[in-house]
Structure formats: C-alpha cells, structure tokens
>>> print(open('data_39.pdb').read())   # PDB, C-alpha atoms, pLDDT in the B column
ATOM      1  CA  MET A   1       0.000   0.000   0.000  1.00 43.00           C
ATOM      2  CA  SER A   2       1.363   3.414  -0.902  1.00 43.00           C
ATOM      3  CA  ARG A   3       1.969   6.132   1.663  1.00 43.00           C
ATOM      4  CA  LEU A   4      -0.878   8.132   0.088  1.00 42.00           C
ATOM      5  CA  ASN A   5      -3.251   5.246   0.691  1.00 56.00           C
ATOM      6  CA  ASP A   6      -1.857   4.816   4.213  1.00 61.00           C
ATOM      7  CA  ASN A   7      -2.602   8.463   4.975  1.00 80.00           C
ATOM      8  CA  TRP A   8      -6.079   8.210   3.489  1.00 82.00           C
ATOM      9  CA  LEU A   9      -6.894   5.127   5.545  1.00 83.00           C
ATOM     10  CA  GLU A  10      -5.464   6.595   8.756  1.00 87.00           C
ATOM     11  CA  GLN A  11      -7.587   9.709   8.293  1.00 90.00           C
ATOM     12  CA  ALA A  12     -10.728   7.672   7.593  1.00 90.00           C
ATOM     13  CA  LEU A  13     -10.116   5.465  10.635  1.00 91.00           C
ATOM     14  CA  GLU A  14      -9.477   8.476  12.835  1.00 91.00           C
ATOM     15  CA  ARG A  15     -12.836   9.906  11.776  1.00 92.00           C
ATOM     16  CA  LEU A  16     -14.455   6.520  12.305  1.00 91.00           C
ATOM     17  CA  ARG A  17     -13.058   6.406  15.858  1.00 90.00           C
ATOM     18  CA  LYS A  18     -14.965   9.618  16.539  1.00 90.00           C
ATOM     19  CA  GLY A  19     -18.249   8.170  15.245  1.00 90.00           C
ATOM     20  CA  ASP A  20     -18.200   9.576  11.714  1.00 90.00           C
ATOM     21  CA  LYS A  21     -20.790   7.498   9.805  1.00 90.00           C
ATOM     22  CA  ALA A  22     -19.564   8.705   6.431  1.00 91.00           C
ATOM     23  CA  ALA A  23     -16.086   7.379   7.253  1.00 90.00           C
ATOM     24  CA  PHE A  24     -17.659   4.098   8.360  1.00 92.00           C
ATOM     25  CA  ASN A  25     -19.448   3.809   4.992  1.00 90.00           C
ATOM     26  CA  VAL A  26     -16.217   4.482   3.133  1.00 90.00           C
ATOM     27  CA  VAL A  27     -14.374   1.793   5.099  1.00 91.00           C
ATOM     28  CA  PHE A  28     -17.279  -0.619   4.632  1.00 92.00           C
ATOM     29  CA  HIS A  29     -17.285  -0.179   0.843  1.00 90.00           C
ATOM     30  CA  LYS A  30     -13.517  -0.565   0.693  1.00 91.00           C
ATOM     31  CA  TYR A  31     -13.334  -3.836   2.648  1.00 92.00           C
ATOM     32  CA  SER A  32     -16.744  -5.561   2.564  1.00 92.00           C
ATOM     33  CA  ALA A  33     -16.107  -7.484  -0.677  1.00 93.00           C
ATOM     34  CA  ARG A  34     -12.796  -8.811   0.640  1.00 93.00           C
ATOM     35  CA  ILE A  35     -14.363  -9.870   3.922  1.00 93.00           C
ATOM     36  CA  PHE A  36     -17.161 -11.556   1.972  1.00 93.00           C
ATOM     37  CA  ASN A  37     -14.700 -13.512  -0.198  1.00 91.00           C
ATOM     38  CA  PHE A  38     -12.649 -14.529   2.836  1.00 90.00           C
ATOM     39  CA  SER A  39     -15.775 -15.665   4.718  1.00 89.00           C
ATOM     40  CA  PHE A  40     -17.200 -17.477   1.709  1.00 89.00           C
ATOM     41  CA  LYS A  41     -14.034 -19.593   1.447  1.00 88.00           C
ATOM     42  CA  LEU A  42     -14.546 -20.667   5.057  1.00 84.00           C
ATOM     43  CA  THR A  43     -18.337 -21.059   5.158  1.00 84.00           C
ATOM     44  CA  HIS A  44     -19.028 -22.121   1.552  1.00 84.00           C
ATOM     45  CA  THR A  45     -22.424 -20.401   1.570  1.00 85.00           C
ATOM     46  CA  ARG A  46     -23.358 -16.935   0.356  1.00 89.00           C
ATOM     47  CA  GLU A  47     -25.893 -16.428   3.164  1.00 88.00           C
ATOM     48  CA  ASP A  48     -23.367 -17.207   5.894  1.00 87.00           C
ATOM     49  CA  ALA A  49     -20.698 -15.049   4.261  1.00 89.00           C
ATOM     50  CA  GLU A  50     -23.119 -12.108   4.064  1.00 91.00           C
ATOM     51  CA  GLU A  51     -23.994 -12.567   7.741  1.00 89.00           C
ATOM     52  CA  VAL A  52     -20.311 -12.558   8.638  1.00 90.00           C
ATOM     53  CA  VAL A  53     -19.778  -9.285   6.745  1.00 92.00           C
ATOM     54  CA  GLN A  54     -22.671  -7.679   8.621  1.00 92.00           C
ATOM     55  CA  GLU A  55     -21.422  -8.929  11.984  1.00 90.00           C
ATOM     56  CA  VAL A  56     -17.839  -7.835  11.272  1.00 92.00           C
ATOM     57  CA  PHE A  57     -18.825  -4.273  10.533  1.00 92.00           C
ATOM     58  CA  LEU A  58     -21.292  -4.175  13.398  1.00 91.00           C
ATOM     59  CA  LYS A  59     -18.372  -5.157  15.635  1.00 89.00           C
ATOM     60  CA  VAL A  60     -16.186  -2.493  13.977  1.00 91.00           C
ATOM     61  CA  TRP A  61     -18.792   0.156  14.766  1.00 91.00           C
ATOM     62  CA  GLU A  62     -19.235  -1.088  18.339  1.00 88.00           C
ATOM     63  CA  LYS A  63     -15.457  -1.184  18.931  1.00 87.00           C
ATOM     64  CA  ARG A  64     -14.595   1.909  16.876  1.00 90.00           C
ATOM     65  CA  ALA A  65     -13.097   3.742  19.859  1.00 88.00           C
ATOM     66  CA  LEU A  66     -10.493   0.967  20.173  1.00 86.00           C
ATOM     67  CA  ILE A  67      -9.268   1.225  16.575  1.00 88.00           C
ATOM     68  CA  GLU A  68      -5.652   2.321  16.261  1.00 85.00           C
ATOM     69  CA  PRO A  69      -5.310   3.989  12.826  1.00 76.00           C
ATOM     70  CA  ARG A  70      -1.584   3.227  12.597  1.00 75.00           C
ATOM     71  CA  ASP A  71      -2.028  -0.483  13.345  1.00 74.00           C
ATOM     72  CA  SER A  72      -2.979  -3.040  10.698  1.00 83.00           C
ATOM     73  CA  PHE A  73      -6.686  -2.452  10.176  1.00 87.00           C
ATOM     74  CA  GLU A  74      -6.886  -5.318   7.682  1.00 87.00           C
ATOM     75  CA  SER A  75      -5.500  -7.728  10.249  1.00 87.00           C
ATOM     76  CA  PHE A  76      -8.055  -6.402  12.742  1.00 88.00           C
ATOM     77  CA  LEU A  77     -10.915  -6.995  10.264  1.00 91.00           C
ATOM     78  CA  PHE A  78      -9.876 -10.473   9.211  1.00 90.00           C
ATOM     79  CA  THR A  79      -9.297 -11.568  12.807  1.00 89.00           C
ATOM     80  CA  ILE A  80     -12.857 -10.513  13.658  1.00 90.00           C
ATOM     81  CA  ALA A  81     -14.194 -12.337  10.585  1.00 91.00           C
ATOM     82  CA  LYS A  82     -12.287 -15.523  11.423  1.00 89.00           C
ATOM     83  CA  ASN A  83     -13.539 -15.488  15.020  1.00 86.00           C
ATOM     84  CA  ILE A  84     -17.144 -14.973  13.909  1.00 86.00           C
ATOM     85  CA  VAL A  85     -16.919 -17.866  11.436  1.00 85.00           C
ATOM     86  CA  TYR A  86     -15.433 -20.162  14.094  1.00 82.00           C
ATOM     87  CA  ASN A  87     -18.039 -19.131  16.657  1.00 78.00           C
ATOM     88  CA  LYS A  88     -20.820 -19.854  14.172  1.00 76.00           C
ATOM     89  CA  ALA A  89     -19.330 -23.266  13.454  1.00 74.00           C
ATOM     90  CA  ARG A  90     -18.993 -24.011  17.159  1.00 72.00           C
ATOM     91  CA  HIS A  91     -22.584 -22.912  17.787  1.00 69.00           C
ATOM     92  CA  ARG A  92     -23.833 -25.246  15.059  1.00 67.00           C
ATOM     93  CA  VAL A  93     -21.859 -28.137  16.504  1.00 59.00           C
ATOM     94  CA  HIS A  94     -23.240 -27.316  19.954  1.00 57.00           C
ATOM     95  CA  GLU A  95     -26.800 -27.087  18.611  1.00 59.00           C
ATOM     96  CA  PHE A  96     -26.424 -30.394  16.755  1.00 57.00           C
ATOM     97  CA  ALA A  97     -24.940 -32.066  19.843  1.00 56.00           C
ATOM     98  CA  TYR A  98     -27.807 -30.736  21.985  1.00 54.00           C
ATOM     99  CA  LYS A  99     -30.414 -32.207  19.615  1.00 59.00           C
ATOM    100  CA  GLU A 100     -28.547 -35.507  19.438  1.00 56.00           C
ATOM    101  CA  TYR A 101     -28.327 -35.530  23.228  1.00 52.00           C
ATOM    102  CA  ILE A 102     -32.092 -35.197  23.495  1.00 53.00           C
ATOM    103  CA  ARG A 103     -32.664 -37.940  20.914  1.00 58.00           C
ATOM    104  CA  THR A 104     -30.267 -40.269  22.729  1.00 53.00           C
ATOM    105  CA  PHE A 105     -32.005 -39.819  26.069  1.00 50.00           C
ATOM    106  CA  ALA A 106     -35.383 -40.271  24.386  1.00 52.00           C
ATOM    107  CA  ASP A 107     -34.237 -43.633  23.016  1.00 54.00           C
ATOM    108  CA  ILE A 108     -32.800 -44.722  26.367  1.00 47.00           C
ATOM    109  CA  LEU A 109     -35.861 -43.701  28.328  1.00 47.00           C
ATOM    110  CA  ALA A 110     -38.296 -45.239  25.862  1.00 50.00           C
ATOM    111  CA  HIS A 111     -36.334 -48.499  25.995  1.00 48.00           C
ATOM    112  CA  ASP A 112     -35.986 -48.588  29.790  1.00 44.00           C
ATOM    113  CA  THR A 113     -39.537 -47.609  30.711  1.00 45.00           C
ATOM    114  CA  GLU A 114     -41.349 -48.708  27.560  1.00 41.00           C
ATOM    115  CA  GLU A 115     -43.006 -45.275  27.554  1.00 42.00           C
ATOM    116  CA  GLN A 116     -42.914 -42.607  24.917  1.00 43.00           C
ATOM    117  CA  PHE A 117     -41.205 -39.480  26.182  1.00 46.00           C
ATOM    118  CA  ASP A 118     -42.422 -36.193  24.740  1.00 52.00           C
ATOM    119  CA  PHE A 119     -39.188 -34.264  24.323  1.00 56.00           C
ATOM    120  CA  ARG A 120     -40.918 -31.384  22.584  1.00 61.00           C
ATOM    121  CA  GLU A 121     -42.841 -30.888  25.823  1.00 65.00           C
ATOM    122  CA  LEU A 122     -39.568 -31.111  27.734  1.00 65.00           C
ATOM    123  CA  GLU A 123     -37.870 -28.503  25.557  1.00 67.00           C
ATOM    124  CA  ASP A 124     -40.914 -26.252  25.942  1.00 73.00           C
ATOM    125  CA  PHE A 125     -40.728 -26.662  29.712  1.00 75.00           C
ATOM    126  CA  ILE A 126     -37.064 -25.624  29.758  1.00 76.00           C
ATOM    127  CA  GLN A 127     -37.788 -22.606  27.561  1.00 79.00           C
ATOM    128  CA  VAL A 128     -40.776 -21.511  29.669  1.00 84.00           C
ATOM    129  CA  SER A 129     -38.791 -21.926  32.881  1.00 83.00           C
ATOM    130  CA  CYS A 130     -35.994 -19.790  31.441  1.00 86.00           C
ATOM    131  CA  GLN A 131     -38.520 -17.040  30.704  1.00 88.00           C
ATOM    132  CA  GLN A 132     -39.160 -16.763  34.446  1.00 90.00           C
ATOM    133  CA  LEU A 133     -35.561 -15.762  35.110  1.00 91.00           C
ATOM    134  CA  PRO A 134     -34.675 -12.054  35.473  1.00 92.00           C
ATOM    135  CA  PRO A 135     -33.906 -10.611  31.989  1.00 91.00           C
ATOM    136  CA  VAL A 136     -30.124 -10.389  32.322  1.00 93.00           C
ATOM    137  CA  ARG A 137     -29.833 -13.801  33.967  1.00 92.00           C
ATOM    138  CA  ARG A 138     -32.037 -15.310  31.271  1.00 90.00           C
ATOM    139  CA  GLU A 139     -29.874 -13.803  28.529  1.00 92.00           C
ATOM    140  CA  VAL A 140     -26.684 -15.062  30.183  1.00 91.00           C
ATOM    141  CA  PHE A 141     -28.092 -18.573  30.606  1.00 87.00           C
ATOM    142  CA  MET A 142     -29.427 -18.791  27.050  1.00 86.00           C
ATOM    143  CA  LEU A 143     -26.128 -17.576  25.597  1.00 88.00           C
ATOM    144  CA  SER A 144     -24.296 -20.177  27.671  1.00 84.00           C
ATOM    145  CA  ARG A 145     -26.488 -23.265  27.356  1.00 77.00           C
ATOM    146  CA  PHE A 146     -28.280 -22.774  24.036  1.00 76.00           C
ATOM    147  CA  HIS A 147     -25.834 -20.707  21.975  1.00 78.00           C
ATOM    148  CA  GLY A 148     -22.618 -22.325  23.166  1.00 77.00           C
ATOM    149  CA  LEU A 149     -20.787 -19.151  24.212  1.00 82.00           C
ATOM    150  CA  THR A 150     -18.083 -19.349  26.846  1.00 86.00           C
ATOM    151  CA  ASN A 151     -18.393 -17.319  30.035  1.00 86.00           C
ATOM    152  CA  GLU A 152     -15.586 -15.065  28.797  1.00 89.00           C
ATOM    153  CA  GLU A 153     -17.412 -14.405  25.511  1.00 90.00           C
ATOM    154  CA  ILE A 154     -20.648 -13.606  27.343  1.00 91.00           C
ATOM    155  CA  ALA A 155     -18.821 -11.252  29.720  1.00 91.00           C
ATOM    156  CA  ASP A 156     -17.283  -9.461  26.740  1.00 91.00           C
ATOM    157  CA  ARG A 157     -20.620  -9.195  24.960  1.00 90.00           C
ATOM    158  CA  LEU A 158     -22.429  -7.848  28.036  1.00 91.00           C
ATOM    159  CA  HIS A 159     -19.510  -5.677  29.195  1.00 91.00           C
ATOM    160  CA  THR A 160     -19.243  -7.273  32.606  1.00 89.00           C
ATOM    161  CA  SER A 161     -16.907  -9.560  34.563  1.00 90.00           C
ATOM    162  CA  THR A 162     -16.578 -13.319  34.160  1.00 87.00           C
ATOM    163  CA  SER A 163     -17.319 -13.764  37.867  1.00 87.00           C
ATOM    164  CA  ASN A 164     -20.616 -11.940  37.375  1.00 89.00           C
ATOM    165  CA  ILE A 165     -21.480 -14.309  34.512  1.00 90.00           C
ATOM    166  CA  ASN A 166     -20.563 -17.327  36.685  1.00 87.00           C
ATOM    167  CA  ASN A 167     -22.865 -16.018  39.404  1.00 88.00           C
ATOM    168  CA  HIS A 168     -25.792 -15.567  36.984  1.00 88.00           C
ATOM    169  CA  ILE A 169     -25.397 -19.084  35.599  1.00 85.00           C
ATOM    170  CA  TYR A 170     -25.120 -20.597  39.083  1.00 84.00           C
ATOM    171  CA  LYS A 171     -28.309 -18.857  40.258  1.00 88.00           C
ATOM    172  CA  ALA A 172     -30.131 -19.770  37.037  1.00 86.00           C
ATOM    173  CA  LEU A 173     -29.228 -23.442  37.543  1.00 82.00           C
ATOM    174  CA  ILE A 174     -30.421 -23.363  41.149  1.00 82.00           C
ATOM    175  CA  PHE A 175     -33.763 -21.900  40.025  1.00 85.00           C
ATOM    176  CA  LEU A 176     -34.167 -24.386  37.179  1.00 78.00           C
ATOM    177  CA  ARG A 177     -33.291 -27.315  39.430  1.00 76.00           C
ATOM    178  CA  LYS A 178     -36.150 -26.293  41.745  1.00 78.00           C
ATOM    179  CA  GLN A 179     -38.508 -25.991  38.774  1.00 77.00           C
ATOM    180  CA  ILE A 180     -37.523 -29.438  37.568  1.00 70.00           C
ATOM    181  CA  MET A 181     -37.975 -31.020  41.007  1.00 70.00           C
ATOM    182  CA  THR A 182     -41.404 -29.371  41.358  1.00 72.00           C
ATOM    183  CA  HIS A 183     -42.852 -30.065  37.924  1.00 65.00           C
ATOM    184  CA  HIS A 184     -40.878 -32.919  36.383  1.00 55.00           C
ATOM    185  CA  ALA A 185     -39.478 -34.983  39.227  1.00 50.00           C
ATOM    186  CA  ASP A 186     -40.057 -38.148  37.177  1.00 50.00           C
ATOM    187  CA  ARG A 187     -37.838 -36.759  34.431  1.00 51.00           C
ATOM    188  CA  VAL A 188     -35.272 -35.006  36.581  1.00 47.00           C
ATOM    189  CA  ILE A 189     -32.285 -37.129  35.514  1.00 45.00           C
ATOM    190  CA  VAL A 190     -32.842 -36.443  31.839  1.00 48.00           C
ATOM    191  CA  VAL A 191     -33.542 -32.737  32.221  1.00 49.00           C
ATOM    192  CA  MET A 192     -30.610 -32.175  34.556  1.00 47.00           C
ATOM    193  CA  ALA A 193     -28.278 -34.038  32.226  1.00 48.00           C
ATOM    194  CA  ILE A 194     -29.328 -31.707  29.403  1.00 49.00           C
ATOM    195  CA  LEU A 195     -28.953 -28.539  31.455  1.00 52.00           C
ATOM    196  CA  PHE A 196     -26.006 -29.383  33.671  1.00 47.00           C
ATOM    197  CA  GLY A 197     -24.028 -31.776  31.510  1.00 48.00           C
TER
END
>>> encode(input="data_39.pdb", output="structure tokens")
Amino acid sequence: MSRLNDNWLEQALERLRKGDKAAFNVVFHKYSARIFNFSFKLTHTREDAEEVVQEVFLKVWEKRALIEPRDSFESFLFTIAKNIVYNKARHRVHEFAYKEYIRTFADILAHDTEEQFDFRELEDFIQVSCQQLPPVRREVFMLSRFHGLTNEEIADRLHTSTSNINNHIYKALIFLRKQIMTHHADRVIVVMAILFG
C-alpha cells in the first residue's frame, strides 16, 4: 500500500473512531467485498458469508473507539471475521450435539420404561422456565447453554466480569433445578443431564 493510501486510511479510521458514519461507509465499501470472499471460502455459503460481513462491521462500529489507525486495520478486520466464522461453526456443533443428546435420552428412556417421552414438551418446559428468570440472567443462561458461548465471551458481549457471569449461571441453575424437582421430578435425571451436563 502506498503512503498516500496509508494516509487516506489513517484519516478515515481516525474519523471513524470519533463516530463519523460517512467514514464508516467508506471503510465498509472498501473492505466488505474482501471480507465476503474470505468468509465465503470458510463457510461455503453466500448467506453465511453475508452474515459474517454484517457482523464484522457491526463489531467495527461497536469497537470503533479501540481502533488504532496506525495499526494493521486489515488484520483487525480479518481476525474478527475468522472469530465470527469459528463461533458460528462451534454454535452449530453445539446445537447439533444438543439435539442428538435429546434424541439419545429419548431412546434410552423409551427403551428402559417402555413409555414414549415427549421431548418437545420437555424442551418447551425448559424454555418456559428460562422465561421466568430475570432478563439479564435469562440472557446469560441462554447464551451459555443454548448458543454455546463461553463465560468469557458472554462477559465481553455484556460488558461485565466473568465472575458476574458465573454467578448468573449458578443462580439460574439453582432456580431451574427447583422448577424441575417441582414439575418434572419423574424426568429429573434427563432434564438435569441436558442442562447441567
């Protein structure tokens, strides 16, 4: 990159740091196609690659005050894109594993008790119970158990400490354990394995 281009980019990033939306649009148009191509090579789908581009630049806007114009902005962008792609992949693996977990327990329980177990009802129960949690605690728990985020990632997303996230999850589990014991004592082993495993 020439020094002229370096100066242009530094100036645009400096304006972006200060919340200049026009500078953001300029940076978006300069890099979005490259981020798309990079993401497409990793995800192999246009829809996923487009989502990654949107999430990358949303993150750029959210973290604009942390941008250092003289550092490698391209490296910054592609690191964000790579992390988003990996997180999406991990979430899908987690989601698949969760569904397989439920199916496995359904098979075991049906075989052991010769009863049909309504796991849709069970999933609904878990979701309804989660809705009774305080809003922040509910969000923390859902991000942890149903979206596969680590406690550190949740803390970063919610701008709080990891210990605070640990506390929310602990209290959510205590509440849900009581709900399970009250309403589904006959299914407690299965439900607890899903939530606490």
>>> atom_distance(input="data_39.pdb", atom1="atom CA of Arg46 of chain A", atom2="atom CA of Arg34 of chain A")
13.3 Å
>>> resolve_selection(input="data_39.pdb", expression="the PyMOL selection byres ((chain A and resi 86) around 12)", output="PDB file with C-alpha atoms, keeping the file's coordinate frame")
ATOM      1  CA  SER A  39     -15.775 -15.665   4.718  1.00 89.00           C
ATOM      2  CA  LEU A  42     -14.546 -20.667   5.057  1.00 84.00           C
ATOM      3  CA  THR A  43     -18.337 -21.059   5.158  1.00 84.00           C
ATOM      4  CA  ASP A  48     -23.367 -17.207   5.894  1.00 87.00           C
ATOM      5  CA  VAL A  52     -20.311 -12.558   8.638  1.00 90.00           C
ATOM      6  CA  THR A  79      -9.297 -11.568  12.807  1.00 89.00           C
ATOM      7  CA  ILE A  80     -12.857 -10.513  13.658  1.00 90.00           C
ATOM      8  CA  ALA A  81     -14.194 -12.337  10.585  1.00 91.00           C
ATOM      9  CA  LYS A  82     -12.287 -15.523  11.423  1.00 89.00           C
ATOM     10  CA  ASN A  83     -13.539 -15.488  15.020  1.00 86.00           C
ATOM     11  CA  ILE A  84     -17.144 -14.973  13.909  1.00 86.00           C
ATOM     12  CA  VAL A  85     -16.919 -17.866  11.436  1.00 85.00           C
ATOM     13  CA  ASN A  87     -18.039 -19.131  16.657  1.00 78.00           C
ATOM     14  CA  LYS A  88     -20.820 -19.854  14.172  1.00 76.00           C
ATOM     15  CA  ALA A  89     -19.330 -23.266  13.454  1.00 74.00           C
ATOM     16  CA  ARG A  90     -18.993 -24.011  17.159  1.00 72.00           C
ATOM     17  CA  HIS A  91     -22.584 -22.912  17.787  1.00 69.00           C
ATOM     18  CA  ARG A  92     -23.833 -25.246  15.059  1.00 67.00           C
ATOM     19  CA  VAL A  93     -21.859 -28.137  16.504  1.00 59.00           C
ATOM     20  CA  GLY A 148     -22.618 -22.325  23.166  1.00 77.00           C
ATOM     21  CA  LEU A 149     -20.787 -19.151  24.212  1.00 82.00           C
TER      22      LEU A 149
END
>>> resolve_selection(input="data_39.pdb", expression="the PyMOL selection byres ((chain A and resi 17) around 9)", output="number ranges by chain")
A: 12-16, 18-20, 61, 63-69
>>> write_last_selection(input="data_39.pdb", atoms="C-alpha atoms", output="JSON list (two decimals), in the frame of the given file")
[["chain", "number", "residue", "atom", "x", "y", "z"],
["A", 12, "ALA", "CA", -10.73, 7.67, 7.59],
["A", 13, "LEU", "CA", -10.12, 5.46, 10.64],
["A", 14, "GLU", "CA", -9.48, 8.48, 12.84],
["A", 15, "ARG", "CA", -12.84, 9.91, 11.78],
["A", 16, "LEU", "CA", -14.46, 6.52, 12.30],
["A", 18, "LYS", "CA", -14.96, 9.62, 16.54],
["A", 19, "GLY", "CA", -18.25, 8.17, 15.24],
["A", 20, "ASP", "CA", -18.20, 9.58, 11.71],
["A", 61, "TRP", "CA", -18.79, 0.16, 14.77],
["A", 63, "LYS", "CA", -15.46, -1.18, 18.93],
["A", 64, "ARG", "CA", -14.60, 1.91, 16.88],
["A", 65, "ALA", "CA", -13.10, 3.74, 19.86],
["A", 66, "LEU", "CA", -10.49, 0.97, 20.17],
["A", 67, "ILE", "CA", -9.27, 1.23, 16.58],
["A", 68, "GLU", "CA", -5.65, 2.32, 16.26],
["A", 69, "PRO", "CA", -5.31, 3.99, 12.83]]
>>> atom_distance(input="data_39.pdb", atom1="atom CA of Gln127 of chain A", atom2="atom CA of Leu58 of chain A")
28.5 Å
>>> closest_residue(input="data_39.pdb", among="A:Gln54, A:Gln131, A:Thr150, A:Asn166", to="Phe36 of chain A", atoms="all atoms listed in the file")
A:Gln54
>>> resolve_selection(input="data_39.pdb", expression="the PyMOL selection byres ((chain A and resi 135-145) around 9)", output="list in words")
Cys130, Gln131, Gln132, Leu133, Pro134, Phe146, His147, Gly148, Leu149, Thr150, Asn151, Ile154, Ala155, Leu158, Ile165, His168, Ile169, Lys171, Ala172, Leu173, Leu195 and Phe196 of chain A
>>> atom_distance(input="data_39.pdb", atom1="atom CA of Val26 of chain A", atom2="atom CA of Thr45 of chain A")
25.7 Å
>>> axis_aligned_box(input="data_39.pdb", around="segment 82-90 of chain A", padding_each_side="6 Å", output="lines of an AutoDock Vina configuration file")
center_x = -16.6
center_y = -19.5
center_z = 14.3
size_x = 20.5
size_y = 21.0
size_z = 17.7
>>> closest_residue(input="data_39.pdb", among="A:Glu62, A:Phe40, A:Asn7, A:Ala49", to="Arg157 of chain A", atoms="only C-alpha atoms")
A:Glu62
